[in-house]
Amino acid sequence: MEMIIAIAVLGGLGLAFGLVLAAASRVFAVEADPRLEQLNECLPGANCGGCGYAGCAAYAEAVLKGEAPIGACPSGGNECAQTMAAIMGVKAEPVTRRVALVRCSGARTYDADGNLIKGAKIKAQYEGFRDCLAASRVGGNGPISCKFGCLGFGTCVKACHYGAIRVENGVAVVDEELCVGCMACARACPRHLIVPVEPDRNVVIACASLAKGAVTTRGCTVGCIGCGLCKKICPAGAITVEKNLAVIDYSKCTNCGLCATVCPKKLIKDSNVENLDDPNVKSLNGPVY
Amino acid sequence: MQAILGILLAAILSQNFILVKFCGICPFMGVSRKMDAALGMGMAVTFVMALASAACYWVNALLLVPMQLQYMQTVAFVLVIASIVQVVEMFLKKSVPALYQALGVFLPLITTNCAVLGVVLENVQKEYSFLFSVLNGAAGGLGFTLAIVVFASLRERVNESDCPECFRGYPLTLIAAGLLALAFMGFSGLRV
């Protein structure tokens, strides 16, 4: 008898709560737009933040409210933009793929005796937080001599959701196959070294040093000194030298690669040329092993 | 007055749910990576603990004790807590969207949290009155918040430290949790 009472009481309690829940789900039902779920489904779900919103769900909501443009998702690319446009019943411009470029060539190479033969010089041994922002605040612009160069503590590596960036020989390197161009790394980099570029270009200038030539040379063997040889040889007039740094205007660039051949510091990288002075250079962004 | 102080002191410091009773370890490990998330979780737990203490007091007093079903307390309380959290979640979503956004994913996460069940069972075992039960629930939640927020701030620093590879991530986190629990042991002598 006692057992039956126990079963009845617990069962009744469960039933009562079940009914309350069922009633509550009716009473407190919130109208949800079915398009929201569809949008969420076609987004990659990596929450990389490349669109400028807190995550994929936040972006989908903003698109639904008409606050965010379609095609702002760099990870999803063109396919995702077209699907989203179909869901929202509008037309989307085709989205071109971009990849991240680390504008630093200061990867360090040492000879057999441990002397630096190539790359950015190290001026101090840093033993604090393994974080670029922390390191860049210490001892006057951080532990390396170039105040524009990659610090190599991998803050961008931690920011990347796709495992597309890593640090090699003290400088961050992007894997263009894996990179989706969300620029999470660029937002994490305290030196603003990382910029988006279209992957079909051949030539990039992998340096961000705005210092005068002599200062740059003291800090790094591979820094842009603003000599202007690339500007002189460029047949399309695509290169300018601004604040001691060469800059390519990709709307004029014809991908001829002449600038890469004349650069005395070999920091203009041409993907069509197998290597420059380093047999390991195959990618634009640096050595890939 | 002394009884109230005693409950507060025990629930927040000397008998802290996470660090002394080892209840609610999963959110303690899972949601302590970022300070703001930890604070949100703490708020949600405090809210649910107070609410569950109130509801379970009446279920116990009006249903289980008269029917002499005290041995079914655990099962009945799990049922009550889970249902309440669900109903409250639906209510907040409809009526107080701002609070719903703030508590966010944390509310369903603590549906069957052992810290919540623990405080409810403790209320019954110590035969607290209704008001003392609610007070104990809220204070237990505050103790939970204190522990998880302190731990999150520790963890944010520990994650940036340059430690040996084998300790990186969870091993170091668990060691830090153990040290924090040791520190809380220092409160065990406190009495009102």
# chains A, B, ... in the order shown; residues from 1 in each chain; ligands from 1
>>> residues_around(residues="Cys156 in chain A", least_positions_apart="6", cutoff="7 Å", atoms="only C-alpha atoms", output="list of chain:residue names")
A:Cys185, A:Ala188, A:Cys189
>>> closest_atom_pairs(of="chain B", to="chain A", cutoff="12 Å", atoms="only C-alpha atoms", output="JSON lines")
{"residue": "B:Val59", "atom": "CA", "partner": "A:Leu13", "partner_atom": "CA", "distance": 9.4}
{"residue": "B:Asn60", "atom": "CA", "partner": "A:Leu13", "partner_atom": "CA", "distance": 11.8}
{"residue": "B:Leu62", "atom": "CA", "partner": "A:Val9", "partner_atom": "CA", "distance": 11.7}
{"residue": "B:Leu63", "atom": "CA", "partner": "A:Val9", "partner_atom": "CA", "distance": 8.1}
{"residue": "B:Leu64", "atom": "CA", "partner": "A:Val9", "partner_atom": "CA", "distance": 8.5}
{"residue": "B:Val65", "atom": "CA", "partner": "A:Val9", "partner_atom": "CA", "distance": 11.8}
{"residue": "B:Pro66", "atom": "CA", "partner": "A:Val9", "partner_atom": "CA", "distance": 11.3}
{"residue": "B:Met67", "atom": "CA", "partner": "A:Ile5", "partner_atom": "CA", "distance": 8.0}
{"residue": "B:Gln68", "atom": "CA", "partner": "A:Ala6", "partner_atom": "CA", "distance": 9.0}
{"residue": "B:Leu69", "atom": "CA", "partner": "A:Ala6", "partner_atom": "CA", "distance": 6.7}
{"residue": "B:Gln70", "atom": "CA", "partner": "A:Ala6", "partner_atom": "CA", "distance": 10.1}
{"residue": "B:Tyr71", "atom": "CA", "partner": "A:Ala6", "partner_atom": "CA", "distance": 9.8}
{"residue": "B:Met72", "atom": "CA", "partner": "A:Ala6", "partner_atom": "CA", "distance": 8.0}
{"residue": "B:Gln73", "atom": "CA", "partner": "A:Leu10", "partner_atom": "CA", "distance": 10.1}
{"residue": "B:Thr74", "atom": "CA", "partner": "A:Leu10", "partner_atom": "CA", "distance": 11.4}
{"residue": "B:Val75", "atom": "CA", "partner": "A:Leu10", "partner_atom": "CA", "distance": 8.4}
{"residue": "B:Ala76", "atom": "CA", "partner": "A:Leu10", "partner_atom": "CA", "distance": 6.8}
{"residue": "B:Phe77", "atom": "CA", "partner": "A:Leu10", "partner_atom": "CA", "distance": 10.5}
{"residue": "B:Val78", "atom": "CA", "partner": "A:Gly14", "partner_atom": "CA", "distance": 10.6}
{"residue": "B:Leu79", "atom": "CA", "partner": "A:Gly14", "partner_atom": "CA", "distance": 7.0}
{"residue": "B:Val80", "atom": "CA", "partner": "A:Phe17", "partner_atom": "CA", "distance": 7.7}
{"residue": "B:Ile81", "atom": "CA", "partner": "A:Phe17", "partner_atom": "CA", "distance": 10.4}
{"residue": "B:Ala82", "atom": "CA", "partner": "A:Phe17", "partner_atom": "CA", "distance": 9.5}
{"residue": "B:Ser83", "atom": "CA", "partner": "A:Phe17", "partner_atom": "CA", "distance": 6.3}
{"residue": "B:Ile84", "atom": "CA", "partner": "A:Phe17", "partner_atom": "CA", "distance": 8.6}
{"residue": "B:Val85", "atom": "CA", "partner": "A:Leu21", "partner_atom": "CA", "distance": 10.2}
{"residue": "B:Gln86", "atom": "CA", "partner": "A:Leu21", "partner_atom": "CA", "distance": 7.4}
{"residue": "B:Val87", "atom": "CA", "partner": "A:Leu21", "partner_atom": "CA", "distance": 6.2}
{"residue": "B:Val88", "atom": "CA", "partner": "A:Ala24", "partner_atom": "CA", "distance": 9.3}
{"residue": "B:Glu89", "atom": "CA", "partner": "A:Phe28", "partner_atom": "CA", "distance": 9.6}
{"residue": "B:Met90", "atom": "CA", "partner": "A:Phe28", "partner_atom": "CA", "distance": 5.9}
{"residue": "B:Phe91", "atom": "CA", "partner": "A:Phe28", "partner_atom": "CA", "distance": 6.0}
{"residue": "B:Leu92", "atom": "CA", "partner": "A:Phe28", "partner_atom": "CA", "distance": 8.7}
{"residue": "B:Lys93", "atom": "CA", "partner": "A:Val30", "partner_atom": "CA", "distance": 7.5}
{"residue": "B:Lys94", "atom": "CA", "partner": "A:Phe28", "partner_atom": "CA", "distance": 5.5}
{"residue": "B:Ser95", "atom": "CA", "partner": "A:Phe28", "partner_atom": "CA", "distance": 8.0}
{"residue": "B:Val96", "atom": "CA", "partner": "A:Phe28", "partner_atom": "CA", "distance": 11.1}
{"residue": "B:Pro97", "atom": "CA", "partner": "A:Val30", "partner_atom": "CA", "distance": 10.6}
{"residue": "B:Glu156", "atom": "CA", "partner": "A:Phe129", "partner_atom": "CA", "distance": 11.4}
{"residue": "B:Arg157", "atom": "CA", "partner": "A:Phe129", "partner_atom": "CA", "distance": 8.9}
{"residue": "B:Val158", "atom": "CA", "partner": "A:Phe129", "partner_atom": "CA", "distance": 9.6}
{"residue": "B:Asn159", "atom": "CA", "partner": "A:Phe129", "partner_atom": "CA", "distance": 9.2}
{"residue": "B:Glu160", "atom": "CA", "partner": "A:Phe129", "partner_atom": "CA", "distance": 5.5}
{"residue": "B:Ser161", "atom": "CA", "partner": "A:Phe129", "partner_atom": "CA", "distance": 5.5}
{"residue": "B:Asp162", "atom": "CA", "partner": "A:Arg130", "partner_atom": "CA", "distance": 6.3}
{"residue": "B:Cys163", "atom": "CA", "partner": "A:Arg130", "partner_atom": "CA", "distance": 9.9}
>>> write_last_selection(atoms="N, CA and C atoms", output="tab-separated table (two decimals), in the first residue's frame")
chain	number	residue	atom	x	y	z
B	59	VAL	N	6.89	21.83	-1.35
B	59	VAL	CA	6.65	20.45	-1.80
B	59	VAL	C	6.92	19.48	-0.65
B	60	ASN	N	8.00	19.74	0.09
B	60	ASN	CA	8.35	18.87	1.20
B	60	ASN	C	7.33	18.98	2.33
B	62	LEU	N	4.19	20.24	2.34
B	62	LEU	CA	2.78	19.97	2.07
B	62	LEU	C	2.51	18.58	1.51
B	63	LEU	N	3.56	17.98	0.89
B	63	LEU	CA	3.31	16.72	0.20
B	63	LEU	C	4.09	15.55	0.80
B	64	LEU	N	5.39	15.72	0.90
B	64	LEU	CA	6.21	14.58	1.27
B	64	LEU	C	6.09	14.24	2.76
B	65	VAL	N	6.09	15.25	3.63
B	65	VAL	CA	6.02	14.97	5.06
B	65	VAL	C	4.67	14.38	5.47
B	66	PRO	N	3.53	14.96	5.05
B	66	PRO	CA	2.24	14.37	5.41
B	66	PRO	C	2.07	12.93	4.91
B	67	MET	N	2.65	12.65	3.72
B	67	MET	CA	2.52	11.30	3.14
B	67	MET	C	3.60	10.37	3.65
B	68	GLN	N	4.50	10.87	4.51
B	68	GLN	CA	5.64	10.11	5.02
B	68	GLN	C	6.50	9.55	3.89
B	69	LEU	N	6.77	10.44	2.94
B	69	LEU	CA	7.58	10.02	1.79
B	69	LEU	C	8.94	10.72	1.79
B	70	GLN	N	9.48	11.00	2.98
B	70	GLN	CA	10.74	11.75	3.03
B	70	GLN	C	11.86	11.04	2.28
B	71	TYR	N	11.76	9.70	2.21
B	71	TYR	CA	12.83	8.98	1.52
B	71	TYR	C	12.83	9.23	0.01
B	72	MET	N	11.75	9.86	-0.50
B	72	MET	CA	11.70	10.18	-1.92
B	72	MET	C	12.14	11.61	-2.22
B	73	GLN	N	12.71	12.28	-1.18
B	73	GLN	CA	13.04	13.70	-1.35
B	73	GLN	C	13.92	13.97	-2.57
B	74	THR	N	14.99	13.19	-2.73
B	74	THR	CA	15.93	13.46	-3.83
B	74	THR	C	15.21	13.45	-5.17
B	75	VAL	N	14.43	12.39	-5.41
B	75	VAL	CA	13.74	12.26	-6.70
B	75	VAL	C	12.75	13.40	-6.89
B	76	ALA	N	11.96	13.66	-5.84
B	76	ALA	CA	10.94	14.69	-5.95
B	76	ALA	C	11.58	16.05	-6.20
B	77	PHE	N	12.69	16.33	-5.51
B	77	PHE	CA	13.32	17.65	-5.66
B	77	PHE	C	13.92	17.84	-7.04
B	78	VAL	N	14.51	16.77	-7.59
B	78	VAL	CA	15.05	16.86	-8.96
B	78	VAL	C	13.93	17.26	-9.91
B	79	LEU	N	12.79	16.60	-9.73
B	79	LEU	CA	11.62	16.88	-10.58
B	79	LEU	C	11.19	18.34	-10.44
B	80	VAL	N	11.10	18.79	-9.19
B	80	VAL	CA	10.65	20.16	-8.94
B	80	VAL	C	11.61	21.17	-9.54
B	81	ILE	N	12.91	20.96	-9.28
B	81	ILE	CA	13.90	21.93	-9.76
B	81	ILE	C	13.88	22.01	-11.29
B	82	ALA	N	13.88	20.84	-11.94
B	82	ALA	CA	13.92	20.83	-13.40
B	82	ALA	C	12.71	21.55	-13.97
B	83	SER	N	11.53	21.26	-13.41
B	83	SER	CA	10.32	21.89	-13.93
B	83	SER	C	10.35	23.39	-13.71
B	84	ILE	N	10.75	23.80	-12.50
B	84	ILE	CA	10.77	25.23	-12.20
B	84	ILE	C	11.69	25.98	-13.14
B	85	VAL	N	12.88	25.42	-13.36
B	85	VAL	CA	13.82	26.11	-14.24
B	85	VAL	C	13.23	26.26	-15.63
B	86	GLN	N	12.57	25.21	-16.10
B	86	GLN	CA	11.96	25.26	-17.44
B	86	GLN	C	10.89	26.35	-17.51
B	87	VAL	N	10.00	26.35	-16.52
B	87	VAL	CA	8.90	27.32	-16.52
B	87	VAL	C	9.46	28.73	-16.43
B	88	VAL	N	10.42	28.91	-15.51
B	88	VAL	CA	11.00	30.25	-15.34
B	88	VAL	C	11.66	30.72	-16.64
B	89	GLU	N	12.33	29.78	-17.31
B	89	GLU	CA	12.99	30.15	-18.56
B	89	GLU	C	11.97	30.63	-19.58
B	90	MET	N	10.88	29.89	-19.71
B	90	MET	CA	9.84	30.28	-20.66
B	90	MET	C	9.23	31.62	-20.28
B	91	PHE	N	9.00	31.79	-18.97
B	91	PHE	CA	8.41	33.04	-18.49
B	91	PHE	C	9.32	34.22	-18.80
B	92	LEU	N	10.62	34.05	-18.52
B	92	LEU	CA	11.56	35.15	-18.75
B	92	LEU	C	11.66	35.48	-20.24
B	93	LYS	N	11.65	34.45	-21.07
B	93	LYS	CA	11.80	34.65	-22.51
B	93	LYS	C	10.67	35.53	-23.02
B	94	LYS	N	9.47	35.28	-22.47
B	94	LYS	CA	8.31	36.02	-22.94
B	94	LYS	C	8.23	37.39	-22.27
B	95	SER	N	8.44	37.43	-20.95
B	95	SER	CA	8.09	38.64	-20.19
B	95	SER	C	9.27	39.56	-19.91
B	96	VAL	N	10.45	38.96	-19.62
B	96	VAL	CA	11.60	39.80	-19.28
B	96	VAL	C	12.76	39.44	-20.20
B	97	PRO	N	12.67	39.80	-21.48
B	97	PRO	CA	13.71	39.36	-22.43
B	97	PRO	C	15.11	39.83	-22.03
B	156	GLU	N	42.17	33.28	-15.84
B	156	GLU	CA	42.56	34.19	-16.92
B	156	GLU	C	44.05	34.48	-16.85
B	157	ARG	N	44.60	34.55	-15.63
B	157	ARG	CA	46.04	34.79	-15.49
B	157	ARG	C	46.84	33.53	-15.76
B	158	VAL	N	46.36	32.43	-15.20
B	158	VAL	CA	47.09	31.17	-15.34
B	158	VAL	C	47.22	30.77	-16.81
B	159	ASN	N	46.16	31.05	-17.60
B	159	ASN	CA	46.18	30.67	-19.01
B	159	ASN	C	47.24	31.41	-19.79
B	160	GLU	N	47.65	32.59	-19.29
B	160	GLU	CA	48.66	33.35	-20.01
B	160	GLU	C	50.06	33.00	-19.54
B	161	SER	N	50.18	32.20	-18.49
B	161	SER	CA	51.50	31.96	-17.94
B	161	SER	C	52.27	30.98	-18.81
B	162	ASP	N	53.58	31.07	-18.71
B	162	ASP	CA	54.45	30.24	-19.52
B	162	ASP	C	54.82	29.01	-18.70
B	163	CYS	N	53.96	28.00	-18.72
B	163	CYS	CA	54.20	26.82	-17.89
B	163	CYS	C	54.57	25.64	-18.78
>>> residues_around(residues="range 32-36 of chain B", least_positions_apart="4", cutoff="7 Å", atoms="only C-alpha atoms", output="number ranges by chain")
B: 28, 40, 148-149, 151-153, 155-156
>>> write_last_selection(atoms="C-alpha atoms", output="mmCIF file, in the first residue's frame")
data_model
loop_
_atom_site.group_PDB
_atom_site.id
_atom_site.type_symbol
_atom_site.label_atom_id
_atom_site.label_comp_id
_atom_site.auth_asym_id
_atom_site.auth_seq_id
_atom_site.Cartn_x
_atom_site.Cartn_y
_atom_site.Cartn_z
ATOM 1 C CA PHE B 28 32.969 25.612 -11.948
ATOM 2 C CA GLY B 40 26.503 35.362 -15.411
ATOM 3 C CA ILE B 148 33.563 30.905 -9.581
ATOM 4 C CA VAL B 149 34.453 34.584 -10.073
ATOM 5 C CA PHE B 151 38.534 31.157 -9.940
ATOM 6 C CA ALA B 152 37.809 32.765 -13.322
ATOM 7 C CA SER B 153 40.127 35.670 -12.524
ATOM 8 C CA ARG B 155 42.315 31.189 -14.613
ATOM 9 C CA GLU B 156 42.557 34.191 -16.918
#
>>> residues_around(residues="Gly140 in chain A", least_positions_apart="6", cutoff="12 Å", atoms="only C-alpha atoms", output="ChimeraX atom specification")
/A:123-124,134,146-147
>>> write_last_selection(atoms="N, CA and C atoms", output="mmCIF file, in the first residue's frame")
data_model
loop_
_atom_site.group_PDB
_atom_site.id
_atom_site.type_symbol
_atom_site.label_atom_id
_atom_site.label_comp_id
_atom_site.auth_asym_id
_atom_site.auth_seq_id
_atom_site.Cartn_x
_atom_site.Cartn_y
_atom_site.Cartn_z
ATOM 1 N N LYS A 123 66.565 42.274 -29.254
ATOM 2 C CA LYS A 123 67.341 43.176 -28.407
ATOM 3 C C LYS A 123 67.262 42.799 -26.940
ATOM 4 N N ALA A 124 66.300 41.963 -26.567
ATOM 5 C CA ALA A 124 66.188 41.581 -25.159
ATOM 6 C C ALA A 124 65.505 40.232 -25.050
ATOM 7 N N ALA A 134 51.174 42.019 -24.500
ATOM 8 C CA ALA A 134 51.956 42.174 -23.273
ATOM 9 C C ALA A 134 53.413 42.439 -23.615
ATOM 10 N N CYS A 146 62.967 45.729 -34.305
ATOM 11 C CA CYS A 146 62.074 46.444 -35.205
ATOM 12 C C CYS A 146 60.765 46.709 -34.492
ATOM 13 N N LYS A 147 60.356 47.977 -34.412
ATOM 14 C CA LYS A 147 59.132 48.244 -33.656
ATOM 15 C C LYS A 147 57.879 48.039 -34.494
#
>>> residues_around(residues="Arg187 in chain A", least_positions_apart="4", cutoff="9 Å", atoms="only C-alpha atoms", output="list in words")
Cys156, Ala159, Met183, His192 and Ile194 of chain A
>>> write_last_selection(atoms="N, CA and C atoms", output="short mmCIF file (atom, residue, chain, number, x, y, z; two decimals), in the first residue's frame")
data_model
loop_
_atom_site.label_atom_id
_atom_site.label_comp_id
_atom_site.auth_asym_id
_atom_site.auth_seq_id
_atom_site.Cartn_x
_atom_site.Cartn_y
_atom_site.Cartn_z
N CYS A 156 47.90 35.91 -32.60
CA CYS A 156 47.06 35.63 -33.78
C CYS A 156 46.74 34.14 -33.86
N ALA A 159 43.91 33.42 -31.77
CA ALA A 159 42.67 34.02 -32.26
C ALA A 159 42.07 33.24 -33.41
N MET A 183 39.86 37.45 -40.61
CA MET A 183 40.64 38.54 -40.05
C MET A 183 40.56 38.61 -38.52
N HIS A 192 49.12 45.46 -35.83
CA HIS A 192 48.33 45.62 -37.06
C HIS A 192 49.12 45.21 -38.29
N ILE A 194 48.67 42.33 -39.93
CA ILE A 194 47.98 41.39 -40.80
C ILE A 194 46.91 42.12 -41.59
#
>>> atom_distance(atom1="CA of Pro44 in chain A", atom2="CA of Ser75 in chain A")
6.9 Å
>>> atom_distance(atom1="CA of Leu267 in chain A", atom2="CA of Asn244 in chain A")
13.9 Å
>>> closest_residue(among="A:Gly142, A:Gly226, A:Gly170, A:Pro190", to="Gly119 in chain A", atoms="only C-alpha atoms")
A:Gly170
>>> residues_around(residues="Val95 in chain A", least_positions_apart="4", cutoff="7 Å", atoms="only C-alpha atoms", output="list in words")
Gly71, Gly77 and Asn78 of chain A
>>> atom_distance(atom1="CA of Val124 in chain B", atom2="CA of Leu51 in chain B")
14.8 Å
>>> residues_around(residues="range 129-133 of chain B", least_positions_apart="3", cutoff="12 Å", atoms="only C-alpha atoms", output="VMD selection string")
chain B and resid 1 3 to 8 11 49 to 61 119 to 126 136 to 140
>>> write_last_selection(atoms="N, CA and C atoms", output="compact mmCIF listing (two decimals), in the first residue's frame")
# COMPACT_ATOMS: atom_id res chain seq x y z
N MET B 1 18.94 36.95 14.73
CA MET B 1 20.00 37.68 14.01
C MET B 1 21.26 36.83 13.89
N ALA B 3 21.43 33.65 14.07
CA ALA B 3 21.17 32.51 13.19
C ALA B 3 21.33 32.91 11.73
N ILE B 4 20.82 34.10 11.39
CA ILE B 4 20.93 34.58 10.01
C ILE B 4 22.39 34.76 9.63
N LEU B 5 23.15 35.40 10.50
CA LEU B 5 24.58 35.59 10.24
C LEU B 5 25.29 34.25 10.08
N GLY B 6 24.91 33.31 10.93
CA GLY B 6 25.52 31.98 10.86
C GLY B 6 25.28 31.32 9.52
N ILE B 7 24.03 31.43 9.05
CA ILE B 7 23.70 30.82 7.75
C ILE B 7 24.50 31.49 6.64
N LEU B 8 24.55 32.82 6.66
CA LEU B 8 25.28 33.56 5.63
C LEU B 8 26.75 33.16 5.61
N ALA B 11 27.18 29.49 4.38
CA ALA B 11 26.88 29.24 2.97
C ALA B 11 27.88 29.94 2.06
N MET B 49 18.87 28.82 -7.10
CA MET B 49 18.99 28.22 -5.76
C MET B 49 17.93 28.79 -4.82
N ALA B 50 17.74 30.11 -4.85
CA ALA B 50 16.75 30.73 -3.98
C ALA B 50 15.36 30.24 -4.35
N LEU B 51 15.09 30.21 -5.66
CA LEU B 51 13.77 29.79 -6.14
C LEU B 51 13.49 28.32 -5.79
N ALA B 52 14.50 27.47 -6.01
CA ALA B 52 14.33 26.05 -5.75
C ALA B 52 14.14 25.80 -4.26
N SER B 53 14.87 26.56 -3.42
CA SER B 53 14.70 26.40 -1.98
C SER B 53 13.27 26.69 -1.57
N ALA B 54 12.70 27.77 -2.13
CA ALA B 54 11.33 28.14 -1.80
C ALA B 54 10.35 27.06 -2.25
N ALA B 55 10.49 26.63 -3.51
CA ALA B 55 9.52 25.67 -4.05
C ALA B 55 9.62 24.33 -3.35
N CYS B 56 10.85 23.86 -3.12
CA CYS B 56 11.02 22.54 -2.54
C CYS B 56 10.59 22.53 -1.07
N TYR B 57 10.69 23.69 -0.41
CA TYR B 57 10.21 23.74 0.97
C TYR B 57 8.74 23.38 1.02
N TRP B 58 7.96 23.98 0.13
CA TRP B 58 6.52 23.73 0.14
C TRP B 58 6.19 22.32 -0.32
N VAL B 59 6.89 21.83 -1.35
CA VAL B 59 6.65 20.45 -1.80
C VAL B 59 6.92 19.48 -0.65
N ASN B 60 8.00 19.74 0.09
CA ASN B 60 8.35 18.87 1.20
C ASN B 60 7.33 18.98 2.33
N ALA B 61 6.98 20.21 2.68
CA ALA B 61 6.11 20.43 3.84
C ALA B 61 4.68 19.99 3.57
N VAL B 119 21.68 22.28 -1.98
CA VAL B 119 21.19 23.29 -1.04
C VAL B 119 19.77 22.93 -0.58
N VAL B 120 19.00 22.36 -1.50
CA VAL B 120 17.63 22.01 -1.15
C VAL B 120 17.60 20.88 -0.12
N LEU B 121 18.44 19.88 -0.35
CA LEU B 121 18.51 18.75 0.60
C LEU B 121 19.03 19.22 1.95
N GLU B 122 19.98 20.15 1.92
CA GLU B 122 20.53 20.67 3.17
C GLU B 122 19.45 21.40 3.97
N ASN B 123 18.62 22.19 3.27
CA ASN B 123 17.53 22.90 3.93
C ASN B 123 16.64 21.93 4.70
N VAL B 124 16.36 20.79 4.04
CA VAL B 124 15.46 19.82 4.66
C VAL B 124 16.13 19.14 5.84
N GLN B 125 17.40 18.76 5.65
CA GLN B 125 18.12 18.04 6.70
C GLN B 125 18.27 18.90 7.95
N LYS B 126 18.53 20.21 7.74
CA LYS B 126 18.72 21.09 8.88
C LYS B 126 17.40 21.64 9.39
N ASN B 136 19.23 30.58 2.89
CA ASN B 136 20.33 29.64 2.69
C ASN B 136 20.58 29.42 1.20
N GLY B 137 19.48 29.33 0.42
CA GLY B 137 19.62 29.16 -1.02
C GLY B 137 20.33 30.33 -1.66
N ALA B 138 19.87 31.55 -1.34
CA ALA B 138 20.47 32.74 -1.93
C ALA B 138 21.92 32.88 -1.50
N ALA B 139 22.20 32.62 -0.21
CA ALA B 139 23.57 32.75 0.29
C ALA B 139 24.48 31.70 -0.34
N GLY B 140 23.95 30.48 -0.50
CA GLY B 140 24.72 29.44 -1.17
C GLY B 140 25.07 29.86 -2.59
>>> select_by_dssp(residues="range 121-191 of chain B", states="helix (DSSP H, G or I)", output="count of residues only")
57
>>> closest_residue(among="A:Ala58, A:Ala85, A:Val99, A:Ile144", to="Ile122 in chain A", atoms="only C-alpha atoms")
A:Ile144
>>> select_by_dssp(residues="range 81-275 of chain A", states="strand (DSSP E)", output="ChimeraX atom specification")
/A:99-102,109-110,116-118,165-168,171-174,194-197,203-205,239-242,245-248,268-270
>>> closest_residue(among="A:Arg201, A:Ala186, A:Ser251, A:Leu133", to="Asp270 in chain A", atoms="only C-alpha atoms")
A:Arg201
